[in-house]
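Please read the structure below before turning to the comments.
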Amino acid sequence: MTDSTWWRHSVTYQIYIRSFADGNGDGLGDIAGIRSRLPYLEELGVDAIWINPWYPSPMADGGYDVADYRAVEPTFGTMAEAEAMIAEAHEHDIRVMLDVVPNHSSDEHRWFVEAVAAEPGSPERDRYFFREGTGPDGAEPPNNWLSFFGGPAWTRLEDGWWYLHLFDAKQPDLNWSNPEVWAEFDDMFRFWFDRDVDGFRIDVAHSLMKDWDLPDVDDPVAAPDPDSHDDHPYLDRDQVHDVYRRWRKLADSYDPPRVFVAEAWVPDPVRLADYVRSDELHTTFNFPFLESRWTAADMRTAIDRTTAALRDVGAPATWVLSNHDVARTVSRYAREQADVDGHNLDSILGKPADFAVGVRRARAAALLMLGLPGAVYLYQGEELGLPEVEDLPTELLADPTWERSGRELRGRDGCRVPLPWADETPSLGFGPRDGAAPWLPQPEAWGPLSAAEQAEDPDSMLSLYRDALRIRGTDERFSGDSMSWLPADEQVLLFSRTDTLACLVNFGPEPVDVPDDWSVLLSSSPVVDDVVPADTAVWLGR
């Protein structure tokens, strides 16, 4: 683990800790569960893991409401267990990345408790955004901003003042114009870097900085104009880059240097590339690729725009198909793509689905993604081909979106259902045989999709991922940054990585031939007589 540029070509596996593996039998995933599955992750062939927040939290938003950035949530384990897990991961040649939530804290964080108890205008309140209301007696919110989870972005305290929360009311926004906030996160990073954490994923990286005047937005529901970013009062403001220049210096002060990846929902690839200039963050998630419909034209546009913008700043692309915030790939691709108008469960719910097609497309998408130059992020269960759970009982929905939308939007729980590890225990191997039921129920149909069942099937999704990661990790032709498009039909993508390595993806309904002088190294679906079926990807060599 001496390669200081590992992040340019790595495959990182995202662990949503509550749903990965339950080590103590209480129905919730934990650090003990992660430790027990490190051999599985090593055999899968990943280079790193990214763990969603494991800090103390009231769990109003699945841990993204952090009460203490320098401790471990007791439900998940202890600091000693966390340190042991980091060391054991390194023994398996797996790096460890944590999740940092800098836009907001929990309302149970010490700072916010002090702020609520303090007087208006006090230093304690300056760490957040407190404002007087508008209208008669200040009974209306200070501006028209809306929460990303639905409803106003403001909550009123008993003293009549309002505080800002772009997410849930239990997630007050921090004031990044305050030097105390900068110093707090510097110290937090050192705390974890000194415990051998290899890097961080940055939550909501594009929203830290706000216009101090907090002006109304023209249309609180619409997305910001991609051509006027700095005019938006809280999205993708230029001042946020000062934060990341400072963080990069801190990361580079360690040996080996630590690494950052940004969750930045920025629609313009050129603006997105600003986050990964040589003195800022290392990589940023490629959401246009994730959001693309399963068509050759849409995928090629996303790939071209991404690689062109990043080439100008010398940064690698970071490809991703799913995560804990979006509907699972199989279920998105199971729909008629012309009807898909979003990446969340609520955008596909109720639309006809052909899950056999979804699986076939998800297999092809995996080889497309892993065949591209750059780094890759996998979401737990993606390698098992798990579909979205679309029918969770409403009384079990935990995503704050459900309540804040007036129980109209089901939210993200469908992609967070605990993983199936075996087809023989009440929790499908998620926890001990005599343990509590998982915190969200698993579909009965998931038994055959469990890791243990798929490991014995050479044609399974898990076997495809293992084969692809093994080839990608050992064949030096995958390590470069170059790719070139080759001539192909309009419903086919064909690109080369070197003169002797290429990838072909057939998005169309009709089969296509393998190009002359090429042979199949790996295919997402069976290829007979060098004929590539519909919704199939192949890696080619010569």
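Quick note on naming: the chains in the structure tokens go A, B, ... in the order shown, residues restart at 1 in each chain, and ligands are numbered from 1 in order of appearance.
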
**Request:** Pick out the residues sitting within 12 Å of Pro120 of chain A, and hand them over as a PyMOL selection string; count only C-alpha atoms, and ignore anything fewer than 6 positions along from it in its own chain.
**Result:** chain A and resi 114+126-132+157+159-163

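Residues in contact range of Gly25 of chain A, defined as at most 9 Å between only C-alpha atoms, with sequence neighbours fewer than 6 positions away removed, read Phe430, Gly431, Pro432, Arg433, Asp434, Gly435, Ala436, Ala437 and Pro438 of chain A.
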
Got time to write the residues from that selection, N, CA and C atoms, as an mmCIF file, in the first residue's frame?
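Result file is part22.cif:
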data_model
loop_
_atom_site.group_PDB
_atom_site.id
_atom_site.type_symbol
_atom_site.label_atom_id
_atom_site.label_comp_id
_atom_site.auth_asym_id
_atom_site.auth_seq_id
_atom_site.Cartn_x
_atom_site.Cartn_y
_atom_site.Cartn_z
ATOM 1 N N PHE A 430 -27.463 -11.723 7.416
ATOM 2 C CA PHE A 430 -27.091 -10.359 7.810
ATOM 3 C C PHE A 430 -26.586 -10.318 9.251
ATOM 4 N N GLY A 431 -27.205 -11.101 10.121
ATOM 5 C CA GLY A 431 -26.804 -11.173 11.521
ATOM 6 C C GLY A 431 -26.772 -12.610 11.996
ATOM 7 N N PRO A 432 -26.459 -12.825 13.274
ATOM 8 C CA PRO A 432 -26.436 -14.181 13.822
ATOM 9 C C PRO A 432 -27.798 -14.857 13.688
ATOM 10 N N ARG A 433 -27.774 -16.169 13.654
ATOM 11 C CA ARG A 433 -29.006 -16.948 13.462
ATOM 12 C C ARG A 433 -30.046 -16.622 14.530
ATOM 13 N N ASP A 434 -29.616 -16.390 15.766
ATOM 14 C CA ASP A 434 -30.550 -16.111 16.855
ATOM 15 C C ASP A 434 -30.669 -14.612 17.133
ATOM 16 N N GLY A 435 -30.225 -13.775 16.205
ATOM 17 C CA GLY A 435 -30.252 -12.338 16.423
ATOM 18 C C GLY A 435 -31.599 -11.716 16.101
ATOM 19 N N ALA A 436 -31.685 -10.421 16.349
ATOM 20 C CA ALA A 436 -32.913 -9.671 16.069
ATOM 21 C C ALA A 436 -33.115 -9.540 14.567
ATOM 22 N N ALA A 437 -34.368 -9.290 14.200
ATOM 23 C CA ALA A 437 -34.681 -9.076 12.783
ATOM 24 C C ALA A 437 -33.979 -7.821 12.287
ATOM 25 N N PRO A 438 -33.562 -7.778 11.019
ATOM 26 C CA PRO A 438 -32.918 -6.578 10.467
ATOM 27 C C PRO A 438 -33.823 -5.355 10.595
#

Please build the interface table for segment 244-328 of chain A against segment 377-389 of chain A with a cut-off of 9 Å, listing for each qualifying residue the nearest atom pair and the distance in Å to one decimal; count only C-alpha atoms, order rows by chain and increasing number, and write it as JSON lines.
{"residue": "A:Phe285", "atom": "CA", "partner": "A:Tyr377", "partner_atom": "CA", "distance": 8.4}
{"residue": "A:Thr318", "atom": "CA", "partner": "A:Tyr377", "partner_atom": "CA", "distance": 7.2}
{"residue": "A:Trp319", "atom": "CA", "partner": "A:Tyr377", "partner_atom": "CA", "distance": 6.4}
{"residue": "A:Val320", "atom": "CA", "partner": "A:Tyr377", "partner_atom": "CA", "distance": 5.2}
{"residue": "A:Leu321", "atom": "CA", "partner": "A:Leu378", "partner_atom": "CA", "distance": 7.3}
{"residue": "A:Ser322", "atom": "CA", "partner": "A:Tyr379", "partner_atom": "CA", "distance": 5.9}
{"residue": "A:Asn323", "atom": "CA", "partner": "A:Tyr379", "partner_atom": "CA", "distance": 5.2}
{"residue": "A:His324", "atom": "CA", "partner": "A:Tyr379", "partner_atom": "CA", "distance": 7.3}
{"residue": "A:Ala327", "atom": "CA", "partner": "A:Glu388", "partner_atom": "CA", "distance": 6.0}
{"residue": "A:Arg328", "atom": "CA", "partner": "A:Glu388", "partner_atom": "CA", "distance": 5.1}

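Atom CA of Thr12 of chain A sits 8.0 Å away from atom CA of Ala375 of chain A.
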
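Take the candidates A:Pro56, A:Pro441, A:Pro257, A:Pro233 and check each one against Leu428 of chain A using only C-alpha atoms; the shortest distance goes to A:Pro441.
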